[in-house]
Each structure stands twice: as C-alpha cells, then as structure tokens.
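Peer 1: This structure is in structure tokens; I'll ask about it shortly.
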Amino acid sequence: MSVADTLAEGPEVSAVRAMALIVRRELRLSFRRPEQMLQPLVFFLIVTTLFPLGLSLQLSLLRDMAPGVLWVAALLSSLLSLDSLFKSDADDGTLDQLALSGQSLTAIVVAKTAAHWLVSGAALVLVSPLVGIALGIPVAIFPTMLGSLALGTLSLSWLGAIGAGLTVGLKRGNVLLSLIVLPLAMPLLIFGAGATDRAASGISSAGALYLLGSLCVFTCTLAPFATAAALRITLE
Amino acid sequence: MNFWAMGGYARFVWPCFGLAGLVLAWNVWSARRFHAAARVRVERALLMTDE
Amino acid sequence: MWTWFFRLASPPYVYRSAAALTPWFMTVAAIAIACGLIGGLRLAPPDYQQGDAFRIIYVHVPSAYMSLFCYTTMAVAGAIGLIWRIKMAYALAAATAPVGASFTALALVTGSLWGKPMWGTYWAWDPRLTSELILLFLYAGVMSLRPAFEDPARGDRAAALLSIVGVVNVPIIHYSVQWWNSLHQGATIAKIGKSEMPGSMLWPLLTMLLGFMCFYGAVVCIRLRGEVLNRERRSAWVREAIKS
C-alpha cells in the first residue's frame, strides 16, 4: 500500500505515523537509486580536491585552510542534493497528494527533510574524516570537525528546504536555489568553519559549537513552517 | 582650494559623494523609466482593444 | 475603523496619492540634502582623529540606514500582503527592492572608501561589513525570485516569504557591533540620551538622513505608480485614467 493511500485513510492516521511512513518511503526510494546518493558525495570529494590543486599548497599551509575548504565543499554539495528534495515528488504529483491528504504539511516537510539529511548530510559527515586526512586536519580535532559538520549540514537541510520549496517547478530552479540559500547559510559557514578552526588552533571551540547548536535548533524549529508556507505558494 | 583638498583625503571623500549622487540620480531615472514603460503597456493594450 | 486601512489599499487611491505625494517628498528631500551637504562639507569642523575623511559619514550612514530600512519595509509589506492579502502591499515591496539594493551597494562602496583612510584597508571580513554584504545578496535573491514565476501573483507571494525569512539578517547587522569585537565603530547616533557626536557634526547627519528618507518616499511613489499600472492594467479605472 503506497504512502499516499495510507495517508488517504484520513486524519485518523496520526501525524507521527505519517511522518514515520514518509521517512521510510524516502529512505527506500533513495536506496533504490544508490548512484543518486553517491553523486553529492563524489562532488564533495572532488571540490575538496580542487582547492589543493588550484592553490598548490604544501600540506602544512593547507592545514590552516582545511576547515574552511571542508565547509565550503560541504555547503556546495548539500546545495546540489537539495534540489532533489521536492523535485521528483512534485513532478509526478505525489507532493500534491501529500498536501491534500489532510496531514499537516509542516509534519510532512519535517519528515522529508529529516530523511533527506539522513541520506545526504549524514553521509557527508561520515565521509569527512577521509577528506580531513587529505587536507591535513589533525586527527585529534576530528570530533569537533564531525560535530560541527553534523550540526551544520542539519541546519543547512532545514534552511535549504525553504529554498527548495520556493523554487520547486521553476525553470533554472537550481541556480535560483543556490542564490537564495547561500546568503542565508553564510552565518552557518562562519560559525561552523570557525569552530573547527579554533579547535585546530588549540583554542576552545565550545562557544562556536554552542552557537552552531543554537542555530541548528532555531532553523529546525522555524524552517519547516516557512517551507510548508513556501510549498503552499508554489503548489497551488 | 583647501575645501577641495579635504585635508588630503580628497580622493576618498569626493568619489563617495559623487557615487552617492549617481545612485540617487539612477534611482530617479530608473523609477521614471519603469513608470513610463508601464504606461506604454497600458496604452498599447488600450489601442488593441479599441480596434 | 479598518475602512481607512483598506481604502489605503485600493489601487486607484494609491495611484493618485503617489502622484500627489511625489513632488512634496522630492522638494523636502532636495532641501534637506542640500542643507545636509552644506552643513557636512562646509560647516562641520574636521574630526580630531580622521580630519576631513570623516565627512564620508554624511553619505555612508544615511545609505546604510536606508538599506536596512528598505529591507525591513519590504519584509513588512510582504507580511501584510501574505496575511491580509492586500495586493498593494506586494506592489510596495516590489517598488522598494531595487531602491534598497542600490542603497546597500552605496553603503558598501562608501564604507570601503572610508575604510582605507580610517583602518588602512578597503575591506575587512568583520561582522558588520560581512552581514551588510549578505544583505546585498538577500536583495538579489528576492529580486531574482519574483520574476521567475509565470504567475506574477505567485511570484509576489514567494518573494514576500523569502524577504521575511531574510529579515533575520537586519538585527544581526545592527547589533553585530555590540555582539562581536568589530573593526566597525559602534552606534553613531544614540536613540535615547546624549549622542557622542558634537552637535555641529550631528545635525547635518540627521538632515541627510531625513533627506534620504524623503528621497526614498519620492522614488518609491514613482515606482509604485508603475507597479500599480502593471498589476491593474486590465481593470476599467486604469483605462479611464490613462485615456484622460
């Protein structure tokens, strides 16, 4: 029984059950096309490679730049994968059905975004130690690096969902998506890279991580409402 | 002539005021052009329906 | 009581009022800016530390202030449009965007030219400068999103939502000098209590601020008329107004 059918049973289906169903569906769909999951990861690795190639730095100098390079690459590859958050469902009408199902659109958005992060952002965080080694980041600060990336990619998924909701179905939507999301994501970049940077210099990164955490909470709680509102505007 | 020298900072001060003037002028010009273009659109539409 | 509010929102009323208000705004703007220029360039004494370079304040601060004011206006107008579904609110938001963006660019460039004599550098990645630059990008995003939709009404709503999301940046810009160690100086004009600036330097600044505000009023009235014509071009009152 498809998710849409289950949801069509009516409002008796609890929001939690609906969200769980959607997460399961998203994960199942993603694993059916593993190459779509791998593409942003490969992009991430390629972009990180571009910096040392373009700047031809020695490893010792690269180390200083590493947190920033890592974060910019993570940001760009997250943007790439955001495009697919609503696109395929919008194309085949599933998104309209979900919107009409009587379930809270915000809850549906939360579920889709969470599933999306599990597949893209979490994967990025898991791959980041490899990149960290390639860029010369000391292993001792990997926990800070992983923590800041986890919080950052999570925030970015929520924030980016707003942009994805606003640009779904537009021609050249992916370029507009980047134009809209990147300025909003700049504070994330500043604090995220800053946290890793401080850890690398030996200063306490706790402050930056706390800020990053609070930014994450802020976006997680407010962004879904904005995304649902965006979808209501673009889907009518 | 002391005035134009701006205490030695002339090459910073005068471009700032000049740019400000340009931005203000552009705003007026651009707004007027926008309004004029909108008028032309309406007039054209009127002509077509009157035919 | 709400009738005046909704009357304010009727397109023919906006169209006529904007026409009537423009010359008044423009006149006050011209006088205020002229006085501000005389006061700022001539009458105000040179600064003890910066000499005559400080005079850049007379264009930098008004344009920076207007960049924030315009974005906030755009966001509030967007919110009013979304909540009360008033089309003229969207027209105001659309009219304000390019004006605000131009003020932001002016603030960045004048700030940069002031930075060289004051700090020794044309640019620094400090919180206030960075967040003002982000503001410019936010303007660009809103101005790019609106025309991307085939249905202009949908474009208005999407742009309104985006501007509301981005308005978070405005308090960040304003308070950044308090929250972080910043190269940029703190508040120039204290809203309550005595300002740190001497009166002879302060009054031209306030005058220029008034001038820029009125200038914005005039320009936005002109643009609003264009917006109204574009949005209402199929309605009868527009045809009558243009025919006459």
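Chain labels run A, B, ... following the order of the structure tokens; each chain numbers its residues from 1, and ligands are numbered from 1 in the order shown.
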Determine, counting only C-alpha atoms, which protein, DNA and RNA residues have an atom within 12 Å of an atom of C:Ile83; residues of the same chain fewer than 4 positions away are not included. Present the result as a list in words.
Peer 2: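 The filter keeps Ala229 of chain A; Val76, Ala77, Gly78, Ala79, Lys87, Ala89, Tyr90, Arg157, Ala160 and Leu161 of chain C.
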Peer 1: Could you take the residues named above and write them with C-alpha atoms, as a compact mmCIF listing (two decimals), in the first residue's frame?
Peer 2:
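After the write, out.txt holds the following:
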```txt
# COMPACT_ATOMS: atom_id res chain seq x y z
CA ALA A 229 4.21 28.01 3.54
CA VAL C 76 6.79 44.04 6.48
CA ALA C 77 4.96 44.86 3.26
CA GLY C 78 5.36 41.24 2.20
CA ALA C 79 3.98 40.07 5.52
CA LYS C 87 -2.14 43.40 -3.47
CA ALA C 89 1.41 45.67 -0.22
CA TYR C 90 3.14 43.45 -2.77
CA ARG C 157 3.94 35.71 -2.56
CA ALA C 160 7.34 38.06 0.24
CA LEU C 161 8.08 34.79 2.05
```
Peer 1: Give me the residues near stretch 153-162 of chain A as number ranges by chain, where near means some atom within 7 Å (using only C-alpha atoms) and where sequence neighbours in that chain fewer than 5 positions away do not count.
Peer 2: A: 82, 113, 117, 121, 181, 185, 216, 219-220, 223-224, 226-227, 230
Peer 1: Any chance you can output those residues with C-alpha atoms as a PDB file, in the first residue's frame?
Peer 2:
```pdb
ATOM      1  CA  LEU A  82      18.744  19.920  -2.008  1.00  0.00           C
ATOM      2  CA  THR A 113      13.778  16.920   5.272  1.00  0.00           C
ATOM      3  CA  TRP A 117      19.518  14.765   5.710  1.00  0.00           C
ATOM      4  CA  GLY A 121      24.161  15.312   5.166  1.00  0.00           C
ATOM      5  CA  VAL A 181      20.067  29.615   0.158  1.00  0.00           C
ATOM      6  CA  ALA A 185      23.734  29.854   5.011  1.00  0.00           C
ATOM      7  CA  CYS A 216      20.516  24.393  14.403  1.00  0.00           C
ATOM      8  CA  THR A 219      16.357  26.550  11.998  1.00  0.00           C
ATOM      9  CA  CYS A 220      14.926  23.127  12.843  1.00  0.00           C
ATOM     10  CA  ALA A 223      12.212  26.483   8.952  1.00  0.00           C
ATOM     11  CA  PRO A 224       9.607  23.720   8.460  1.00  0.00           C
ATOM     12  CA  ALA A 226       8.391  28.520   6.273  1.00  0.00           C
ATOM     13  CA  THR A 227       8.934  25.542   3.959  1.00  0.00           C
ATOM     14  CA  ALA A 230       6.514  28.062   0.517  1.00  0.00           C
TER      15      ALA A 230
END
```
Peer 1: Nearest to A:Ala195 among A:Ser148, A:Ser214, A:Thr221, A:Ser178, with distances taken over only C-alpha atoms: which residue is it?
Peer 2: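 The answer is A:Ser148, which sits nearest to A:Ala195.
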Peer 1: Stretch 20-36 of chain B: which residues within 8 Å, counting only C-alpha atoms, same-chain residues fewer than 6 positions away excluded, as a PyMOL selection string?
Peer 2: chain C and resi 59+99+102-103+106+219-220+222-223+225-227+229
Peer 1: Restrict the selected residues to N, CA and C atoms and save them as a PDB file, in the first residue's frame.
Peer 2:
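Resulting contents of part-v2.pdb:
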```
ATOM      1  N   VAL C  59      27.297  60.517   3.733  1.00  0.00           N
ATOM      2  CA  VAL C  59      26.595  59.674   2.758  1.00  0.00           C
ATOM      3  C   VAL C  59      26.578  58.218   3.192  1.00  0.00           C
ATOM      4  N   VAL C  99      15.446  50.012  -4.898  1.00  0.00           N
ATOM      5  CA  VAL C  99      15.948  51.207  -4.203  1.00  0.00           C
ATOM      6  C   VAL C  99      16.836  50.783  -3.031  1.00  0.00           C
ATOM      7  N   SER C 102      20.174  49.415  -4.136  1.00  0.00           N
ATOM      8  CA  SER C 102      21.134  50.442  -4.550  1.00  0.00           C
ATOM      9  C   SER C 102      21.741  51.134  -3.329  1.00  0.00           C
ATOM     10  N   PHE C 103      20.930  51.354  -2.280  1.00  0.00           N
ATOM     11  CA  PHE C 103      21.472  51.953  -1.056  1.00  0.00           C
ATOM     12  C   PHE C 103      22.484  51.023  -0.396  1.00  0.00           C
ATOM     13  N   LEU C 106      25.665  51.262  -2.260  1.00  0.00           N
ATOM     14  CA  LEU C 106      26.307  52.548  -1.966  1.00  0.00           C
ATOM     15  C   LEU C 106      26.957  52.520  -0.583  1.00  0.00           C
ATOM     16  N   VAL C 219      10.906  58.373  -4.714  1.00  0.00           N
ATOM     17  CA  VAL C 219      11.226  57.342  -5.713  1.00  0.00           C
ATOM     18  C   VAL C 219      10.238  56.186  -5.643  1.00  0.00           C
ATOM     19  N   VAL C 220       9.898  55.783  -4.426  1.00  0.00           N
ATOM     20  CA  VAL C 220       9.002  54.646  -4.288  1.00  0.00           C
ATOM     21  C   VAL C 220       7.601  55.008  -4.779  1.00  0.00           C
ATOM     22  N   ILE C 222       7.027  56.980  -7.330  1.00  0.00           N
ATOM     23  CA  ILE C 222       7.101  56.874  -8.787  1.00  0.00           C
ATOM     24  C   ILE C 222       7.028  55.399  -9.198  1.00  0.00           C
ATOM     25  N   ARG C 223       7.825  54.582  -8.533  1.00  0.00           N
ATOM     26  CA  ARG C 223       7.828  53.153  -8.872  1.00  0.00           C
ATOM     27  C   ARG C 223       6.486  52.496  -8.596  1.00  0.00           C
ATOM     28  N   ARG C 225       3.572  53.759  -8.865  1.00  0.00           N
ATOM     29  CA  ARG C 225       2.637  54.035  -9.947  1.00  0.00           C
ATOM     30  C   ARG C 225       2.857  53.056 -11.092  1.00  0.00           C
ATOM     31  N   GLY C 226       4.123  52.787 -11.382  1.00  0.00           N
ATOM     32  CA  GLY C 226       4.413  51.798 -12.422  1.00  0.00           C
ATOM     33  C   GLY C 226       3.925  50.414 -12.021  1.00  0.00           C
ATOM     34  N   GLU C 227       4.162  50.052 -10.761  1.00  0.00           N
ATOM     35  CA  GLU C 227       3.725  48.732 -10.286  1.00  0.00           C
ATOM     36  C   GLU C 227       2.207  48.605 -10.374  1.00  0.00           C
ATOM     37  N   LEU C 229       0.140  50.214 -12.326  1.00  0.00           N
ATOM     38  CA  LEU C 229      -0.273  50.103 -13.724  1.00  0.00           C
ATOM     39  C   LEU C 229      -0.058  48.688 -14.237  1.00  0.00           C
TER      40      LEU C 229
END
```
Peer 1: Point out the residue among C:Met88, C:Asp156, C:Leu138, C:Thr73 with the least atom-to-atom distance to C:Pro12, counting only C-alpha atoms.
Peer 2: C:Met88
Peer 1: Excluding B:Leu47 and residues on its chain fewer than 4 positions from it, collect all residues at most 12 Å away from it, counting only C-alpha atoms, and give them as JSON, numbers by chain.
Peer 2: {"B": [40, 41, 42, 43, 51], "C": [239, 242, 243]}
Peer 1: Interatomic distance between atom CA of A:Leu209 and atom CA of C:Val167?
Peer 2: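 Separating atom CA of A:Leu209 from atom CA of C:Val167 is a distance of 23.9 Å.
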Peer 1: Please build the interface table for chain A against chain C with a cut-off of 10 Å, listing for each qualifying residue the nearest atom pair and the distance in Å to one decimal; count only C-alpha atoms, order rows by chain and increasing number, and write it as CSV.
Peer 2:
```
residue,atom,partner,partner_atom,distance
A:Leu159,CA,C:Val165,CA,9.6
A:Ile162,CA,C:Leu162,CA,8.4
A:Gly163,CA,C:Leu162,CA,8.3
A:Gly165,CA,C:Ala158,CA,9.5
A:Leu166,CA,C:Ala158,CA,6.3
A:Thr167,CA,C:Leu145,CA,8.2
A:Gly169,CA,C:Phe149,CA,9.4
A:Leu170,CA,C:Ala148,CA,7.0
A:Lys171,CA,C:Ala148,CA,7.8
A:Arg172,CA,C:Ala148,CA,8.9
A:Gly173,CA,C:Ala148,CA,8.6
A:Leu176,CA,C:Leu145,CA,7.1
A:Leu177,CA,C:Gly141,CA,9.0
A:Ser178,CA,C:Gly141,CA,9.2
A:Leu179,CA,C:Gly141,CA,5.8
A:Ile180,CA,C:Gly141,CA,5.1
A:Val181,CA,C:Gly141,CA,8.6
A:Leu182,CA,C:Phe137,CA,8.7
A:Pro183,CA,C:Ile134,CA,5.6
A:Leu184,CA,C:Gly166,CA,6.9
A:Ala185,CA,C:Ile134,CA,9.8
A:Met186,CA,C:Ile134,CA,7.7
A:Pro187,CA,C:Ser131,CA,8.6
A:Ile190,CA,C:Pro127,CA,9.8
A:Leu222,CA,C:Val165,CA,9.7
A:Ala223,CA,C:Val165,CA,8.8
A:Ala226,CA,C:Leu161,CA,7.6
A:Thr227,CA,C:Leu161,CA,9.5
A:Ala229,CA,C:Leu161,CA,7.9
A:Ala230,CA,C:Ala158,CA,6.7
A:Leu231,CA,C:Ala158,CA,9.4
A:Arg232,CA,C:Ala158,CA,9.8
A:Ile233,CA,C:Arg154,CA,6.5
A:Thr234,CA,C:Arg154,CA,7.0
A:Leu235,CA,C:Arg154,CA,9.7
A:Glu236,CA,C:Arg154,CA,9.0
```
Peer 1: Output the selection as a PDB file, in the first residue's frame - C-alpha atoms for each residue.
Peer 2:
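As written to disk, again25.pdb reads:
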```pdb
ATOM      1  CA  LEU A 159      17.238  26.094   5.682  1.00  0.00           C
ATOM      2  CA  ILE A 162      12.778  26.658   2.332  1.00  0.00           C
ATOM      3  CA  GLY A 163      14.643  27.453  -0.844  1.00  0.00           C
ATOM      4  CA  GLY A 165      10.045  24.752  -1.543  1.00  0.00           C
ATOM      5  CA  LEU A 166      10.169  28.195  -3.145  1.00  0.00           C
ATOM      6  CA  THR A 167      11.870  27.044  -6.343  1.00  0.00           C
ATOM      7  CA  GLY A 169       8.997  23.514 -10.516  1.00  0.00           C
ATOM      8  CA  LEU A 170      10.802  26.632 -11.710  1.00  0.00           C
ATOM      9  CA  LYS A 171      12.955  26.622 -14.793  1.00  0.00           C
ATOM     10  CA  ARG A 172      16.611  27.080 -13.743  1.00  0.00           C
ATOM     11  CA  GLY A 173      15.334  26.415 -10.262  1.00  0.00           C
ATOM     12  CA  LEU A 176      17.909  30.272  -8.007  1.00  0.00           C
ATOM     13  CA  LEU A 177      18.003  27.792  -5.144  1.00  0.00           C
ATOM     14  CA  SER A 178      21.691  28.425  -4.648  1.00  0.00           C
ATOM     15  CA  LEU A 179      21.236  32.188  -4.930  1.00  0.00           C
ATOM     16  CA  ILE A 180      18.554  32.109  -2.269  1.00  0.00           C
ATOM     17  CA  VAL A 181      20.067  29.615   0.158  1.00  0.00           C
ATOM     18  CA  LEU A 182      23.742  30.607   0.153  1.00  0.00           C
ATOM     19  CA  PRO A 183      23.301  34.071   1.733  1.00  0.00           C
ATOM     20  CA  LEU A 184      21.117  32.540   4.423  1.00  0.00           C
ATOM     21  CA  ALA A 185      23.734  29.854   5.011  1.00  0.00           C
ATOM     22  CA  MET A 186      26.645  32.245   5.425  1.00  0.00           C
ATOM     23  CA  PRO A 187      26.286  32.572   9.225  1.00  0.00           C
ATOM     24  CA  ILE A 190      31.146  31.395   9.656  1.00  0.00           C
ATOM     25  CA  LEU A 222      11.148  27.543  12.423  1.00  0.00           C
ATOM     26  CA  ALA A 223      12.212  26.483   8.952  1.00  0.00           C
ATOM     27  CA  ALA A 226       8.391  28.520   6.273  1.00  0.00           C
ATOM     28  CA  THR A 227       8.934  25.542   3.959  1.00  0.00           C
ATOM     29  CA  ALA A 229       4.211  28.014   3.536  1.00  0.00           C
ATOM     30  CA  ALA A 230       6.514  28.062   0.517  1.00  0.00           C
ATOM     31  CA  LEU A 231       5.045  24.818  -0.780  1.00  0.00           C
ATOM     32  CA  ARG A 232       1.528  26.151  -0.352  1.00  0.00           C
ATOM     33  CA  ILE A 233       2.505  29.106  -2.508  1.00  0.00           C
ATOM     34  CA  THR A 234       4.246  27.145  -5.236  1.00  0.00           C
ATOM     35  CA  LEU A 235       1.957  24.131  -5.396  1.00  0.00           C
ATOM     36  CA  GLU A 236      -1.402  25.789  -5.707  1.00  0.00           C
TER      37      GLU A 236
END
```
Peer 1: Env of C:Leu8: 12 Å cut, atoms = only C-alpha atoms, seq-sep filter 5 positions within chain, self excluded. Answer as a CSV table (one decimal) with C-alpha atoms, in the first residue's frame.
Peer 2:
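What landed in result_4.csv:
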```csv
chain,number,residue,atom,x,y,z
C,2,TRP,CA,-10.4,49.3,9.2
C,3,THR,CA,-12.0,51.1,6.3
C,13,TYR,CA,-6.2,55.6,-4.4
C,14,VAL,CA,-2.6,54.5,-4.2
C,15,TYR,CA,-2.1,55.6,-7.8
C,16,ARG,CA,-3.5,59.1,-7.3
C,17,SER,CA,-1.9,59.6,-3.8
C,18,ALA,CA,1.5,58.6,-5.1
C,86,ILE,CA,-3.5,43.2,0.0
C,87,LYS,CA,-2.1,43.4,-3.5
C,88,MET,CA,-0.8,46.9,-3.0
C,89,ALA,CA,1.4,45.7,-0.2
```
Peer 1: When distances are computed from only C-alpha atoms, which of C:Pro117, C:Ser200, C:Thr104, C:Ala20 shows the smallest separation from B:Gly7?
Peer 2: C:Pro117
Peer 1: Near A:Thr48, counting only C-alpha atoms, which residues have an atom at most 7 Å away, once you skip same-chain residues fewer than 5 positions from it, shown as a list of chain:residue names?
Peer 2: A:Val69, A:Leu70, A:Ala73
Peer 1: Mind writing the picked residues with C-alpha atoms as a short mmCIF file (atom, residue, chain, number, x, y, z; two decimals), in the first residue's frame?
Peer 2:
```cif
data_model
loop_
_atom_site.label_atom_id
_atom_site.label_comp_id
_atom_site.auth_asym_id
_atom_site.auth_seq_id
_atom_site.Cartn_x
_atom_site.Cartn_y
_atom_site.Cartn_z
CA VAL A 69 37.71 24.28 2.49
CA LEU A 70 35.88 21.38 4.08
CA ALA A 73 32.72 21.89 -0.10
#
```
